[in-house]
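Before any comments, here is the structure.
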Amino acid sequence: MGTLAVSFYNQSRTFGQLWPAINRHILDVMENGKFSHGNKVAELETALAAYTGARYVVGVNSGTDALVLLLRAAGLGQGDEVIVPAFSFGATATSVVLAGGRPVFADIEQDSYGIDPGGMEAVAGERTRFVMPTHLFSRLADIDGVLAESRRLGLTVVEDSAEAIGMRHRGTHAGLFGAGGVLSFFPTKTLGAVGDAGAVLTDDPRVARTADALRHHGRLGDTIGNFPAIATTTSLPGVNSKMDDIQAAVLLAKLTRLDEDIVRRSSLAARYTESLSGVPGVRKTPVPRPDSVFYVYVIEVDSRDDLAAHLSANGVQTEIYYPVPLHLQPCFAGHGHRVGDFPNAENACRYTLALPLYPDMTTGDVDQVCASIRKFYCGRKA
Ligand SMILES: *Cc1c(COP(=O)(O)O)cnc(C)c1O
């Protein structure tokens, strides 16, 4: 009791194996001498374009920045509304505010944890111009439903695909169904850096060009009169969201093993599902689908907080993604929502628990987590 048996995330073995490749890429950066927004970032963008099939990849310094810059590049104007799911990471909604817009919440579907296309029309108003579906945990939201409803309502689709690297539907990678999407390379993500990094994905040259300028102080490279400052013109109020080349170096090495890592993640997920099926108290385990890529393994359980405390006491770290729905966050108190407005989102916050899942885990680790869960439910009084 008390000692750590299974940590929530660890990639030390991965780093041991990939170190020669990482080292080679880092030495390139050192020799080249450009540590921010340099050649290694460009090399990563090219590699990610090949991996995802995106025409353009714009590397930035976090998934959150990628969302803000994507919204601005896709034409979000001051006060424009964006429909977002009520259940997601905070950045899904705060990025809208940071880009100058206003998030409007809608409930999610129980199975996908993604936005329910059937709830979009009811919350869409005069000023609503975008919808931002989020692809959470291990699968895409109902993207066909969102696209159909968006066409009907005249909305532009931008995707919070921060968790969705590797997820594809009908051959299209997440983030490329509408005007664009994002990737997060936060260390625990499926493709994780050793610090913060992110990217915008898009097939639209105008979105790409604007995001490219915005990440670098709004430098579009326009010529003004006969001033020589061609590359340093501030055309847009941009930000400094350049990607570090050291992060790009690590990501390039890890990208070569991404598909293998995804296979490993899905086999560990399958072991969890098999072992947890029929355990009383475990209400729901994820159903594998063709678009499944297990970023995290999330189950729904009775007495979620007690189970989490029991696992923690037995050395198993878990996480709650996400404990408070977006419409009830203090930051959006002004929207006047109350408990009960979006029941599926609220239930997801109450009952979901993320179990450890990462390529360095062993099958023995999975078995240990499952044994501890069984002990909790089978060993306690009804
Ligand atoms: C991780 C994540 C983000 C933010 O990415 P960062 O790189 O941490 O800024 C946004 N949305 C979702 C759904 C995420 O999981």
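Naming scheme: A, B, ... for chains in displayed order of the structure tokens; residues 1 onward per chain; ligands 1 onward as shown.
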Checklist entry - Do you know which residues are at most 12 Å from A:Glu274 counting only C-alpha atoms, after dropping those on the same chain fewer than 5 positions away, and could you put them as a VMD selection string? => result chain A and resid 267 to 269 279 284 to 288 366 to 367 370
Next on the checklist: I'd like the contact shell of A:Arg206 - 12 Å cut-off, only C-alpha atoms, skipping same-chain residues fewer than 3 positions apart - returned as number ranges by chain.
Outcome noted: A: 55-56, 70, 72-75, 179-180, 202-203, 209-213, 220
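Distance check against A:Val369 using only C-alpha atoms: of A:Arg139, A:Arg283, A:Arg271, A:Arg289, the minimum falls on A:Arg271.
Interatomic distance, atom CA of A:Gly181 to atom 12 (C, counted along the ligand's line) of ligand 1: 11.1 Å.
For the pair atom CA of A:Gln78 and atom CA of A:Gly100, the separation is 4.9 Å.
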Next on the checklist: Excluding A:Ile373 and its own-chain neighbours fewer than 5 positions away, which residues fall within 12 Å of it when counting only C-alpha atoms? Please give them as number ranges by chain.
Outcome noted: A: 272, 275-282, 299, 301-304, 306-314, 316, 318, 353, 355, 366-368, 378-380
Item to check | Close residues, stretch 324-336 of chain A itself excluded, 10 Å, only C-alpha atoms, min 6 positions apart in chain, as a ChimeraX atom specification | outcome: /A:84-94,102-107,342-350
Give me, as a tab-separated table, the closest atom pair and its distance (Å, one decimal) for every residue of chain A within a cut-off of 10 Å of ligand 1, counting only C-alpha atoms and all ligand atoms, rows sorted by chain and rising number.
```
residue	atom	partner	partner_atom_place_in_ligand_line	distance
A:Val60	CA	ligand 1	7 (O)	9.4
A:Asn61	CA	ligand 1	7 (O)	7.6
A:Ser62	CA	ligand 1	7 (O)	4.0
A:Gly63	CA	ligand 1	7 (O)	3.4
A:Thr64	CA	ligand 1	9 (O)	3.6
A:Asp65	CA	ligand 1	9 (O)	6.5
A:Ala66	CA	ligand 1	9 (O)	7.8
A:Leu67	CA	ligand 1	10 (C)	7.5
A:Phe87	CA	ligand 1	13 (C)	9.4
A:Ser88	CA	ligand 1	13 (C)	5.8
A:Phe89	CA	ligand 1	13 (C)	4.9
A:Gly90	CA	ligand 1	11 (N)	7.2
A:Ala91	CA	ligand 1	10 (C)	5.1
A:Thr92	CA	ligand 1	11 (N)	5.3
A:Ala93	CA	ligand 1	11 (N)	9.0
A:Thr94	CA	ligand 1	10 (C)	9.7
A:Ser95	CA	ligand 1	10 (C)	8.7
A:Pro133	CA	ligand 1	13 (C)	9.5
A:Thr134	CA	ligand 1	13 (C)	6.0
A:His135	CA	ligand 1	13 (C)	6.8
A:Leu136	CA	ligand 1	13 (C)	6.2
A:Phe137	CA	ligand 1	15 (O)	8.1
A:Glu159	CA	ligand 1	11 (N)	9.6
A:Asp160	CA	ligand 1	11 (N)	5.8
A:Ser161	CA	ligand 1	13 (C)	6.7
A:Ala162	CA	ligand 1	12 (C)	4.8
A:Glu163	CA	ligand 1	15 (O)	4.9
A:Ala164	CA	ligand 1	15 (O)	8.5
A:Val182	CA	ligand 1	10 (C)	8.4
A:Leu183	CA	ligand 1	5 (O)	7.4
A:Ser184	CA	ligand 1	7 (O)	4.1
A:Phe185	CA	ligand 1	7 (O)	5.6
A:Phe186	CA	ligand 1	7 (O)	4.7
A:Pro187	CA	ligand 1	7 (O)	8.5
A:Thr188	CA	ligand 1	1 (C)	8.6
A:Lys189	CA	ligand 1	1 (C)	7.0
A:Gly192	CA	ligand 1	7 (O)	9.3
A:Ala193	CA	ligand 1	7 (O)	9.7
A:Gly195	CA	ligand 1	7 (O)	9.0
A:Asp196	CA	ligand 1	7 (O)	5.9
A:Ala197	CA	ligand 1	7 (O)	5.8
A:Gly198	CA	ligand 1	7 (O)	5.5
A:Ala199	CA	ligand 1	7 (O)	8.8
A:Tyr295	CA	ligand 1	15 (O)	9.3
A:Val296	CA	ligand 1	15 (O)	9.9
A:Tyr321	CA	ligand 1	15 (O)	8.9
A:Tyr322	CA	ligand 1	15 (O)	10.0
```
Item to check | Point-to-point distance in Å for atom CA of A:Asn39 and atom CA of A:Ala248 | outcome: 9.3 Å
Item to check | Those of stretch 136-259 of chain A in DSSP strand (DSSP E), formatted as a ChimeraX atom specification | outcome: /A:156-159,168-169,172-173,180-184,198-202
For stretch 244-315 of chain A against stretch 8-16 of chain A, with a cut-off of 10 Å and counting only C-alpha atoms, what is the closest atom pair and its distance in Å to one decimal for every residue that makes the cut, ordered by chain and number, as a tab-separated table?
```
residue	atom	partner	partner_atom	distance
A:Val250	CA	A:Phe15	CA	9.4
A:Ala253	CA	A:Phe15	CA	9.7
A:Lys254	CA	A:Thr14	CA	8.6
A:Arg257	CA	A:Thr14	CA	9.5
A:Asp261	CA	A:Thr14	CA	9.6
```
Item to check | In stretch 230-281 of chain A, DSSP helix (DSSP H, G or I) residues written as a PyMOL selection string | outcome: chain A and resi 230-232+245-255+258-276
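Nearest residue to A:Lys40 among A:Gln110, A:Ser292, A:Gln247, A:Ser372 is A:Gln247, counting only C-alpha atoms.
Considering the residues A:Ile26, A:Val58, A:Ile83, A:Leu191 and counting only C-alpha atoms, A:Gly166 has its shortest atom-to-atom contact with A:Leu191.
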Next on the checklist: I'd like to know which of A:Leu27, A:Phe294, A:Leu357, A:Val157 is closest to A:Gln317, using only C-alpha atoms.
Outcome noted: A:Leu357
